[in-house]
Amino acid sequence: MSPSTAAGRATRVGQLESALRSVIRGKEDVVRLALVSIFARGHLLLEGVPGVGKTTLAHALARVIDCGFQRIQFTSDMLPSDILGVSIYSAAEQKFEFKRGPVFANVLLADEINRSTPKTQSALLEAMSEGQVTVDSISHSLPQPFLVVATQNPVEHHGVYPLPESQLDRFLMRVRMGYPEPQSERDILRGQAGAARLDSLEPVLTGEEVLSLQNAVDQVRVDESLVDYALAIVRRTRESDALSLGVSPRGSLMLYHAAQAMAFLNGRNFCTPDDFKQLVIPVFGHRVVVAASYASAHKKSEQAETILGEIAASVRVPI
């Protein structure tokens, strides 16, 4: 069925979500947010302790989309050229040739991204925000669609470098993957879910179809009252005494696109207040910084999410 029709798009999206849920059991909210990232043209940051399925989800996303996939295992000794590529002198042609790095893929898995130094992490900034990389003053366009799925371990773990704010701001959302529910973990042990199911996944969409669906998401209507609602939340993050860093205009724009994608996944061509409200924490949680005077024994990321929840609840929802 062609994704150009409304019925065709709904069918393909349903197949895509079912395929992912056959691998990632008991994490329906995580799967839904991953799909929001794809259709909103955003990048996804998955956080959690090792072994909870972050890399498995990234592999599953790559398998259900029939397009190029590369994986980079980030380590402390990596260099930017290991990601972007390098110019090598060709004696035969007597000139430098650019050898493309793994970033030239449709889906890039940046595994344990916070185990590399900030210098290496910054190699992805231009790629994630502009869809291109510049090497030796020459810009090279990346294939489209282009999606970075990065995984990171909690900052309390040994040997990790916290991602700088500029890097975090390039991700559409940060999603936490906690421990699975007992039944889901039983399915993993029995080989009925998790990495054991990856080989059985078949592509559901081509890269061209993903681009078509992304264009359809852009057409989802957003009423002016909802724009005012989103901006009111953003403004309060900037004015809050509990936050030393509020949401940037890039964050506002990403919430707008994410809400369009959420409405699209829910089978609507228009947004509702709930599309925005349920995305405030995953889209803004990694973009704000808790003020030192409000710091507590809790992890700053959890504290930031609590503050954002209070801000979202305090803003009047348009009727």
# chains A, B, ... in the order shown; residues from 1 in each chain; ligands from 1
call {"tool": "residues_around", "arguments": {"residues": "Leu205 in chain A", "least_positions_apart": "4", "cutoff": "7 Å", "atoms": "only C-alpha atoms", "output": "list in words"}}
result
Val64, Ile65, Asp66, Glu209 and Val210 of chain A
call {"tool": "atom_distance", "arguments": {"atom1": "CA of Ile24 in chain A", "atom2": "CA of Glu202 in chain A"}}
result
15.1 Å
call {"tool": "select_by_dssp", "arguments": {"residues": "range 143-288 of chain A", "states": "alpha helix (DSSP H)", "output": "number ranges by chain"}}
result
A: 165-168, 182-189, 207-218, 224-239, 249-265, 273-277, 280-284
call {"tool": "closest_residue", "arguments": {"among": "A:Ala258, A:Ile138, A:Val13, A:Val227", "to": "Pro318 in chain A", "atoms": "only C-alpha atoms"}}
result
A:Val227
call {"tool": "residues_around", "arguments": {"residues": "range 32-44 of chain A", "least_positions_apart": "2", "cutoff": "7 Å", "atoms": "only C-alpha atoms", "output": "ChimeraX atom specification"}}
result
/A:28-30,46,147-150,171-174,213-214,217,257-258,261-262
call {"tool": "residues_around", "arguments": {"residues": "Tyr256 in chain A", "least_positions_apart": "3", "cutoff": "12 Å", "atoms": "only C-alpha atoms", "output": "VMD selection string"}}
result
chain A and resid 36 40 to 42 172 217 to 218 220 to 224 226 to 231 234 249 to 253 259 to 263 271 to 273 275 to 277 279 to 280 283 to 284
call {"tool": "residues_around", "arguments": {"residues": "Cys67 in chain A", "least_positions_apart": "3", "cutoff": "12 Å", "atoms": "only C-alpha atoms", "output": "PDB file with C-alpha atoms, in the first residue's frame"}}
result
ATOM      1  CA  LEU A  61      15.317   0.937  14.101  1.00  0.00           C
ATOM      2  CA  ALA A  62      17.984   0.390  11.459  1.00  0.00           C
ATOM      3  CA  ARG A  63      16.581  -2.997  10.432  1.00  0.00           C
ATOM      4  CA  VAL A  64      12.970  -1.870   9.973  1.00  0.00           C
ATOM      5  CA  GLN A  70      26.692   2.290  10.560  1.00  0.00           C
ATOM      6  CA  PHE A 104      27.852   8.833   5.955  1.00  0.00           C
ATOM      7  CA  ALA A 105      24.864   6.599   6.675  1.00  0.00           C
ATOM      8  CA  ASN A 106      21.113   6.996   7.009  1.00  0.00           C
ATOM      9  CA  VAL A 107      21.035   5.604  10.547  1.00  0.00           C
ATOM     10  CA  LEU A 108      24.121   6.121  12.693  1.00  0.00           C
ATOM     11  CA  PRO A 143      22.442  10.894   2.857  1.00  0.00           C
ATOM     12  CA  GLN A 144      18.809  11.546   3.691  1.00  0.00           C
ATOM     13  CA  PRO A 145      17.045  10.594   5.854  1.00  0.00           C
ATOM     14  CA  PHE A 146      19.777  10.993   8.476  1.00  0.00           C
ATOM     15  CA  LEU A 147      19.207   9.865  12.056  1.00  0.00           C
ATOM     16  CA  PRO A 203      12.351  -3.862   6.547  1.00  0.00           C
ATOM     17  CA  VAL A 204       9.017  -2.063   6.701  1.00  0.00           C
ATOM     18  CA  LEU A 205       9.916   1.262   5.077  1.00  0.00           C
ATOM     19  CA  THR A 206      12.469   2.404   2.545  1.00  0.00           C
ATOM     20  CA  GLY A 207      14.435   5.600   2.966  1.00  0.00           C
ATOM     21  CA  GLU A 208      12.278   7.300   0.330  1.00  0.00           C
ATOM     22  CA  GLU A 209       9.122   6.330   2.188  1.00  0.00           C
ATOM     23  CA  VAL A 210      10.524   7.744   5.433  1.00  0.00           C
ATOM     24  CA  LEU A 211      11.158  11.053   3.652  1.00  0.00           C
TER      25      LEU A 211
END
call {"tool": "residues_around", "arguments": {"residues": "range 87-91 of chain A", "least_positions_apart": "3", "cutoff": "9 Å", "atoms": "only C-alpha atoms", "output": "PyMOL selection string"}}
result
chain A and resi 94-100+135-136
call {"tool": "write_last_selection", "arguments": {"atoms": "N, CA and C atoms", "output": "CSV table (one decimal), in the first residue's frame"}}
result
chain,number,residue,atom,x,y,z
A,94,GLN,N,47.9,12.1,-7.8
A,94,GLN,CA,48.7,13.3,-7.3
A,94,GLN,C,47.7,14.3,-6.7
A,95,LYS,N,46.8,13.9,-5.9
A,95,LYS,CA,45.9,14.8,-5.2
A,95,LYS,C,45.4,14.0,-3.9
A,96,PHE,N,44.8,14.8,-3.0
A,96,PHE,CA,44.2,14.2,-1.9
A,96,PHE,C,42.8,13.7,-2.2
A,97,GLU,N,42.4,12.5,-1.7
A,97,GLU,CA,41.1,12.0,-1.8
A,97,GLU,C,40.5,11.8,-0.5
A,98,PHE,N,39.2,12.2,-0.4
A,98,PHE,CA,38.5,12.1,0.9
A,98,PHE,C,37.9,10.7,1.0
A,99,LYS,N,38.3,10.0,2.1
A,99,LYS,CA,37.7,8.7,2.4
A,99,LYS,C,36.6,8.9,3.5
A,100,ARG,N,35.4,8.6,3.1
A,100,ARG,CA,34.3,8.9,4.0
A,100,ARG,C,34.3,8.0,5.2
A,135,VAL,N,35.2,18.9,5.8
A,135,VAL,CA,36.6,18.5,6.0
A,135,VAL,C,37.5,19.2,5.0
A,136,ASP,N,38.6,19.7,5.5
A,136,ASP,CA,39.5,20.5,4.6
A,136,ASP,C,38.8,21.5,3.8
